[in-house]
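Peer 1: My structure is stored as run.csv, with CSV, C-alpha atoms.
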```csv
chain,number,residue,atom,x,y,z
S,10,MET,CA,150.5,46.2,37.9
S,11,PRO,CA,150.2,50.0,37.9
S,12,LYS,CA,147.3,51.7,39.6
S,13,GLN,CA,144.4,52.7,37.3
S,14,SER,CA,142.0,55.6,37.5
S,15,ALA,CA,138.9,56.4,35.5
S,16,GLY,CA,137.6,59.8,34.8
S,17,ILE,CA,135.3,62.0,32.8
S,18,LEU,CA,136.3,64.8,30.5
S,19,LEU,CA,133.2,67.0,30.4
S,20,TYR,CA,133.1,69.5,27.6
S,21,ARG,CA,130.8,72.2,26.2
S,22,LYS,CA,130.8,74.8,23.5
S,23,VAL,CA,130.2,78.4,24.4
S,24,ASP,CA,130.1,80.9,21.5
S,25,SER,CA,131.7,78.3,19.3
S,26,GLN,CA,134.6,77.9,21.7
S,27,LEU,CA,135.3,74.5,23.2
S,28,GLN,CA,135.6,74.5,27.1
S,29,VAL,CA,136.5,71.6,29.4
S,30,PHE,CA,135.6,71.1,33.1
S,31,LEU,CA,138.5,70.4,35.5
S,32,VAL,CA,138.7,70.0,39.2
S,33,HIS,CA,141.4,71.2,41.7
S,34,PRO,CA,142.4,68.7,44.4
S,35,GLY,CA,141.6,69.6,48.0
S,36,GLY,CA,143.7,69.3,51.1
S,37,PRO,CA,146.7,71.2,52.4
S,38,PHE,CA,149.3,69.9,49.9
S,39,TRP,CA,147.4,71.4,47.0
S,40,LYS,CA,146.2,74.6,48.7
S,41,ASN,CA,148.7,77.0,47.0
S,42,LYS,CA,149.3,75.0,43.8
S,43,ASP,CA,147.5,76.0,40.6
S,44,GLU,CA,149.2,75.5,37.2
S,45,GLY,CA,149.7,71.8,36.5
S,46,SER,CA,147.5,70.8,39.4
S,47,TRP,CA,144.0,70.5,37.9
S,48,SER,CA,142.6,67.3,36.6
S,49,VAL,CA,139.6,65.6,35.0
S,50,PRO,CA,137.4,64.3,37.8
S,51,LYS,CA,138.7,60.8,38.3
S,52,GLY,CA,139.6,58.1,40.8
S,53,GLU,CA,140.9,54.6,41.3
S,54,TYR,CA,138.8,51.5,40.6
S,55,GLU,CA,139.0,47.8,41.4
S,56,ASP,CA,139.5,45.0,38.9
S,57,ASP,CA,135.9,43.9,39.3
S,58,GLU,CA,134.4,47.4,38.5
S,59,GLU,CA,133.7,48.6,34.9
S,60,PRO,CA,136.0,51.6,34.3
S,61,LEU,CA,133.2,53.7,32.8
S,62,ASP,CA,131.0,53.0,35.8
S,63,ALA,CA,133.9,54.0,38.1
S,64,ALA,CA,134.4,57.2,36.1
S,65,ARG,CA,130.8,58.2,36.5
S,66,ARG,CA,130.9,57.3,40.2
S,67,GLU,CA,134.0,59.3,40.7
S,68,PHE,CA,132.6,62.3,38.9
S,69,TYR,CA,129.6,62.3,41.2
S,70,GLU,CA,131.7,61.8,44.3
S,71,GLU,CA,134.0,64.7,43.4
S,72,THR,CA,131.4,67.1,42.1
S,73,GLY,CA,128.0,66.1,43.4
S,74,HIS,CA,126.7,66.0,39.8
S,75,TYR,CA,125.5,62.9,37.9
S,76,ILE,CA,126.6,62.9,34.2
S,77,VAL,CA,124.7,61.2,31.4
S,78,GLY,CA,125.3,61.4,27.7
S,79,ASP,CA,127.1,59.8,24.8
S,80,PHE,CA,130.4,58.8,26.4
S,81,ARG,CA,133.4,58.5,24.0
S,82,ALA,CA,136.4,56.5,25.2
S,83,LEU,CA,139.7,58.4,24.9
S,84,LEU,CA,143.1,56.7,24.7
S,85,PRO,CA,144.5,56.0,28.2
S,86,VAL,CA,147.4,58.2,29.4
S,87,LYS,CA,150.1,57.4,31.9
S,88,GLN,CA,151.0,59.9,34.6
S,89,LYS,CA,154.5,60.4,36.0
S,90,SER,CA,153.6,58.3,39.0
S,91,GLY,CA,152.9,55.4,36.6
S,92,LYS,CA,149.2,55.5,37.2
S,93,ILE,CA,147.1,54.8,34.1
S,94,ILE,CA,144.2,57.2,33.5
S,95,HIS,CA,141.2,55.9,31.4
S,96,ALA,CA,138.9,58.7,30.4
S,97,TRP,CA,135.7,59.3,28.5
S,98,ALA,CA,134.7,62.6,26.9
S,99,VAL,CA,131.0,63.6,27.1
S,100,GLU,CA,129.3,66.8,26.2
S,101,GLY,CA,127.4,68.5,29.1
S,102,ASP,CA,127.2,71.4,31.4
S,103,ILE,CA,127.3,71.9,35.2
S,104,ASP,CA,127.5,74.9,37.4
S,105,GLN,CA,131.1,75.1,38.7
S,106,HIS,CA,129.9,77.1,41.7
S,107,GLN,CA,127.7,74.2,42.8
S,108,ILE,CA,130.4,71.6,43.5
S,109,LYS,CA,130.0,69.3,46.5
S,110,SER,CA,132.9,66.9,46.9
S,111,ASN,CA,133.3,63.9,49.2
S,112,LEU,CA,135.9,64.1,52.0
S,113,PHE,CA,139.1,62.3,52.9
S,114,GLU,CA,140.9,62.1,56.2
S,115,MET,CA,144.6,62.5,56.8
S,116,GLU,CA,147.0,63.4,59.6
S,117,TRP,CA,147.4,67.1,59.7
S,118,PRO,CA,149.7,68.8,60.6
S,119,PRO,CA,152.2,66.1,59.7
S,120,LYS,CA,153.4,64.0,62.7
S,121,SER,CA,150.8,65.7,65.0
S,122,GLY,CA,148.8,62.5,65.5
S,123,LYS,CA,145.7,64.6,64.7
S,124,LYS,CA,143.3,63.6,61.9
S,125,GLN,CA,141.5,66.2,59.8
S,126,SER,CA,139.0,65.9,57.0
S,127,PHE,CA,139.4,67.8,53.7
S,128,ALA,CA,137.3,67.9,50.5
S,129,GLU,CA,138.8,65.7,47.8
S,130,VAL,CA,138.1,68.5,45.3
S,131,ASP,CA,138.1,72.1,46.6
S,132,ARG,CA,136.8,73.7,43.4
S,133,GLY,CA,136.0,73.1,39.7
S,134,ASP,CA,136.0,75.4,36.7
S,135,TRP,CA,135.6,75.6,33.0
S,136,PHE,CA,138.6,76.4,30.8
S,137,THR,CA,139.3,76.9,27.2
S,138,ILE,CA,141.6,74.2,25.7
S,139,GLU,CA,144.6,76.5,25.9
S,140,GLN,CA,143.9,77.5,29.5
S,141,ALA,CA,143.4,73.8,30.4
S,142,LYS,CA,146.7,72.8,28.9
S,143,ILE,CA,148.4,75.1,31.5
S,144,LYS,CA,146.2,74.3,34.4
S,145,MET,CA,146.0,70.5,34.2
S,146,ASN,CA,148.5,67.7,35.0
S,147,VAL,CA,150.8,67.6,32.0
S,148,ALA,CA,150.2,63.9,31.4
S,149,GLN,CA,146.5,64.5,30.9
S,150,VAL,CA,147.0,67.1,28.2
S,151,ALA,CA,146.9,64.3,25.7
S,152,LEU,CA,143.2,63.8,26.6
S,153,LEU,CA,142.5,67.5,25.5
S,154,GLU,CA,144.5,67.0,22.3
S,155,GLU,CA,142.4,63.9,21.4
S,156,LEU,CA,139.2,65.7,22.2
S,157,VAL,CA,140.1,68.5,19.8
S,158,ARG,CA,141.0,66.1,17.0
S,159,CYS,CA,137.6,64.3,17.2
```
Do you think you could lay out the structure here as structure tokens?
Peer 2:
Amino acid sequence: MPKQSAGILLYRKVDSQLQVFLVHPGGPFWKNKDEGSWSVPKGEYEDDEEPLDAARREFYEETGHYIVGDFRALLPVKQKSGKIIHAWAVEGDIDQHQIKSNLFEMEWPPKSGKKQSFAEVDRGDWFTIEQAKIKMNVAQVALLEELVRC
């Protein structure tokens, strides 16, 4: 069975223009990558965890912000890796400059035997739909398209 992740597509309207909140992955692999690298805040979950609960947990872990509201399920998308992303759209607002992500540990530099900690998310930002289509993982663009249709 493919791995599954759950995430939140936070959106707001500014001057009648729809914007979405995306996060950029942390760590050395992603350091110099931009277009096609951003994502909805998301993470994997276990079979015994409700996907929406996991999505809310992951949003908090990656941003330091709790999200409440009227969550609307979006159609799942499949990434190139085969991972299935379940996402919920919710209207809200957070300060992109006040992101506090959890950490992960990895061997760095490779084959050095040394472990280093990195933020899972190194930054977050608001984008128009057109900007987000360029910034985010191409498989997740369908989430934006569904948000716009609704």
Peer 1: Pick from S:Ile138, S:Val77, S:Ile94, S:Ile103: nearest to Gln26 in chain S, with all atoms listed in the file counted?
Peer 2: S:Ile138
Peer 1: Go ahead and compute the interatomic distance for CA of Leu31 in chain S and CA of Trp117 in chain S, in Å to one decimal.
Peer 2: 26.0 Å
Peer 1: Of the residues S:Asp102, S:Asp131, S:Glu154, S:Glu114, which is the one nearest to Tyr20 in chain S, using all atoms listed in the file?
Peer 2: S:Asp102
Peer 1: Using only C-alpha atoms, pick whichever of S:Glu116, S:Glu100, S:Glu155, S:Asp56 has the shortest atom-to-atom distance to Phe30 in chain S.
Peer 2: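 Smallest distance to Phe30 in chain S is found for S:Glu100.
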Peer 1: Just how far from CA of Glu55 in chain S is CA of Phe113 in chain S, in Å to one decimal?
Peer 2: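 Taking CA of Phe113 in chain S as the start and CA of Glu55 in chain S as the end point, the length is 18.5 Å.
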Peer 1: Looking at all atoms listed in the file, which of S:Pro60, S:Gly45, S:Gly91, S:Gly36 is the one that sits closest to Ile17 in chain S?
Peer 2: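 Answer, going by the shortest atom-to-atom distance: S:Pro60.
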Peer 1: Need to verify the contact set: Val32 in chain S, 7 Å, all atoms listed in the file, exclusion of same-chain residues closer than 4 positions in sequence. Can you return it as a ChimeraX atom specification?
Peer 2: /S:47-50,130,132-134
Peer 1: Have a look at CA of Glu139 in chain S and CA of Leu27 in chain S and let me know their distance in Å, one decimal.
Peer 2: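 Between CA of Glu139 in chain S and CA of Leu27 in chain S the gap is 9.9 Å.
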Peer 1: Counting all atoms listed in the file, find the residues whose atoms lie at most 6 Å from (135.8, 76.3, 28.8) (file coordinates) and write them out as a PyMOL selection string.
Peer 2: chain S and resi 27-29+135-137
Peer 1: Range 96-116 of chain S near range 66-71 of chain S within 12 Å: what's each residue's closest atom pair and its distance in Å to one decimal, counting only C-alpha atoms, ordered by chain then ascending residue number, as a Markdown table?
Peer 2:
```
| residue | atom | partner | partner_atom | distance |
| --- | --- | --- | --- | --- |
| S:Ala96 | CA | S:Phe68 | CA | 11.2 |
| S:Trp97 | CA | S:Phe68 | CA | 11.3 |
| S:Val99 | CA | S:Phe68 | CA | 12.0 |
| S:Ile103 | CA | S:Tyr69 | CA | 11.6 |
| S:Gln105 | CA | S:Glu71 | CA | 11.8 |
| S:Gln107 | CA | S:Glu71 | CA | 11.4 |
| S:Ile108 | CA | S:Glu71 | CA | 7.8 |
| S:Lys109 | CA | S:Glu71 | CA | 6.8 |
| S:Ser110 | CA | S:Glu71 | CA | 4.3 |
| S:Asn111 | CA | S:Glu70 | CA | 5.6 |
| S:Leu112 | CA | S:Glu71 | CA | 8.8 |
| S:Phe113 | CA | S:Glu71 | CA | 11.0 |
```
Peer 1: With all atoms listed in the file as the basis for distance, which of S:Asn41, S:Met145, S:Arg81, S:His95 is at the shortest distance from Ser14 in chain S?
Peer 2: S:His95
